[in-house]
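Reviewing the structure listed below.
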Amino acid sequence: MDASYYVRLLRLRWKVLAVTALIGVAAGLGTLLISTDEPGPRETYWTAAHRLIVNPDATAAGRYPNLPQTALLATGGSVPAAVAEPLGLDETELVSRVRTITDLEVSVIEISAVAKGLDATAAAAEATKIADLLAEALVADLGAADLAAYRDLVATAQTDVAATLDALDEAELAIEALEAERDALVIAQADPVPTPTPDPDGAGTDTPAAPARTIDDIDDDLRQARIVRDKRFSAYQDATDALDQLERQGEPAPLMMTLTKVEAYEIEKKAYDRRIDEGRTKNNNFNRRTLEDDGRASNTIARTVSNPAVRGGLGGAAGLVLGLAAVLIHVRFDPRLRTRNDVEEAFDLPVIAEIPRFDKGAASRLEVHALTRTRSPVTEAYRVLRSALLFASSNPDSGEVLEPVGLHDAGIADQRDVRVIMVTSPGPSEGKTTTAANLSVVLAEAGYEVLVVNCDYRIPKLHRYFKRPLQPRRTLETGISGVTLVGDVSDVEQSRNPTAVVEAQRALIEKARGRFDVVVLDTAPLLATNDAAALLPVVDLVVIVAREGRTDRDAAREAVDLLRRRGATVAGVVLTAASGFGRSRHYLRYRYGHYYDAEGSRGRGRGRKAKSKQATDEAVRSELEPVGAR
């Protein structure tokens, strides 16, 4: 992630930063009310802190420190002993001036130290040095065992490389010696020199002595030597690869890393004395909750300067730093999906439309933006969704190509039998019903005859978007040209049996094919019930709705896994309440908000002439209404 990502992150969380900065300013100004000035030189008391946070690289490798035990190491054992000597302090005195605070919620350990003196600058520097040295020594101590083990592995690997190389050299020398012996024997056999061999009676003879070794013997030895050489070369390669892997891996990441260094600030004498007493009694390790409950965190910050502006500025800066740290830590560990990239990575599907966030009033009124605000950014986003569905290019699971759908009198079915579109989501309150309602309107706007069906019979809400009563087993006129509504396909008896409801929904869908261009289904959440999954066999295309800041990664993966196991064709993901975070700076505003000027106009799609509306309604009613109801 580049710097622009963090800039947009801070812009999105500016309220948090503003509140923490204001609290810091108020705290800085508040110290003026409780600080006192004494004439002449006075002894000053200072404290400084060094905050450590768990290293994400270490946790990713499965290494996580025990924070309370780690905090204890800063006030006992080898860590203070190693720091006391270079500081010229007794270990007991050093420990008495140190305090640790563990915050388990954000995995942070704060190591603070106190110092006093007539020279304020020197006292502040001493407190800072103690806190920083202790933090550095603690980090080094935590990683010492892992670092030593790694270095032992590297040393062993280096020894193995050297040993296998020596063995390989010996094998090469043996081969060279055998080859030289063979060459000499070949030369001798090509130009033999007879050597008389005396007979037992002492008489000479012209018969030469037979050689001790033959060429075949030497060739056999060469073959064996080369086999040994190859094995030793393989061992040398294995040792070299092992060493290379260790060197690429590098030294293990430290378990903890510096989060912030809090500059030294002056405290009152009573606060300093309390800190010393805590250290001498070994009562200087706290967790954040305990420290707040027993009031030990209420040390008075003394005035460093008499200028209120300086105090307010320092307090504001400290609050801003704390707010920034809180925002970064929260984003680092937040499982919710907040950007387009997060959504596409979690679902392993493309985002086919981003629906901007709209005001809470419209949400509470269950307003259909495509009907009431035809030129708003929200409506334009739903038109983008319409285009993505009508001109879908492929199914990412099967690779099946979907032909483009044209606006023609024969309807969608003539080009591609994609009529039934299911709108669902992993969990509740993610915008699927709002999406189903607006999608139906923009499809009708383009000239399609649309049947929108509420398939969430447990919590029906679709009819409220169209301001119609909930009438079971009825098709309802919505007052919108091209949009027909079915609020509930089941009667009272069927609603008690989920299987019966699903069968009724399937029957309605099959009946509606050929009588409507598009059937839009508003279903229950995928992971809440089995209702949506049971309808997949009669659905042509699935649209998943996710809400920025609400849908989490685990739910996204489970939903996609469920759809893929059922062999569903998924068009992609609709991201609702999108802020544009993670995209270009003015993405949403440019894409939707500035397209039309104040006096611009946009022609509504007039579409095709309605296909025998009365006949269509009567056909669907025959499926829904019981005998004698009409």
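We name chains A, B, ... following the order of the structure tokens; residues begin at 1 in each chain, and ligands are numbered from 1 as shown.
Using only C-alpha atoms, the contacts of range 151-162 of chain A at a cut-off of 10 Å, with sequence neighbours closer than 3 positions omitted, comprise Ala145, Asp146, Leu147, Ala148, Leu165, Asp166, Ala167, Leu168, Ala235, Tyr236, Gln237, Asp238, Ala239, Thr240, Asp241, Ala242, Leu243, Asp244, Gln245, Leu246, Glu247, Gly250 and Glu251 of chain A.
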**Message:** Can you measure CA of Val19 in chain A to CA of Ala309 in chain A for me? One decimal in Å is fine.
**Reply:** 18.1 Å
**Backbone DSSP call of strand (DSSP E) for range 344-574 of chain A, listed as a PyMOL selection string** = chain A and resi 351-356+420-424+450-454+475-477+483-486+518-522+541-547+570-574
**Message:** Using only C-alpha atoms, which protein or nucleic acid residues come within 9 Å of range 85-97 of chain A? Drop anything in the same chain fewer than 3 positions from it, and give the result as a PyMOL selection string.
**Reply:** chain A and resi 74-76+80-82+112-115+127+129-130+272+275-282+284
**Request:** Can you pull out every residue within 7 Å of range 368-384 of chain A, counting only C-alpha atoms, but drop anything in the same chain fewer than 3 positions away, and send it as a ChimeraX atom specification?
**Result:** /A:353-356,387-388,437-439,441-442,465,592-593
Those residues with C-alpha atoms, as an mmCIF file, in the first residue's frame please?
data_model
loop_
_atom_site.group_PDB
_atom_site.id
_atom_site.type_symbol
_atom_site.label_atom_id
_atom_site.label_comp_id
_atom_site.auth_asym_id
_atom_site.auth_seq_id
_atom_site.Cartn_x
_atom_site.Cartn_y
_atom_site.Cartn_z
ATOM 1 C CA ALA A 353 -20.817 -1.894 -9.143
ATOM 2 C CA GLU A 354 -20.095 0.441 -6.232
ATOM 3 C CA ILE A 355 -23.184 2.022 -4.716
ATOM 4 C CA PRO A 356 -22.298 5.270 -2.895
ATOM 5 C CA SER A 387 -25.086 -2.749 -17.657
ATOM 6 C CA ALA A 388 -22.767 -5.197 -15.913
ATOM 7 C CA ALA A 437 -35.666 -2.746 -5.634
ATOM 8 C CA ASN A 438 -33.419 -0.256 -7.458
ATOM 9 C CA LEU A 439 -32.211 -2.876 -9.954
ATOM 10 C CA VAL A 441 -36.553 0.014 -11.518
ATOM 11 C CA VAL A 442 -33.468 0.655 -13.689
ATOM 12 C CA TYR A 465 -39.962 -0.062 -0.825
ATOM 13 C CA TYR A 592 -21.285 10.062 -10.876
ATOM 14 C CA GLY A 593 -21.688 13.485 -9.304
#
**Item:** Straight-line distance linking CA of Glu43 in chain A with CA of Thr100 in chain A, stated in Å to one decimal
**Value:**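 So the answer is 24.7 Å.
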**Asked** Using only C-alpha atoms, which residue out of A:Arg248, A:Asp273, A:Glu268, A:Pro498 lies closest to Cys455 in chain A?
**Response** A:Pro498
**Request:** Skip Asp334 in chain A itself and residues of its chain fewer than 3 positions away, then list as a ChimeraX atom specification all residues within 12 Å of it, counting only C-alpha atoms.
**Result:** /A:106,326-331,337-338,342,549-553
**Prompt:** Separation of CA of Val489 in chain A and CA of Arg458 in chain A, in Å?
**Reply:**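 A separation of 11.9 Å between them.
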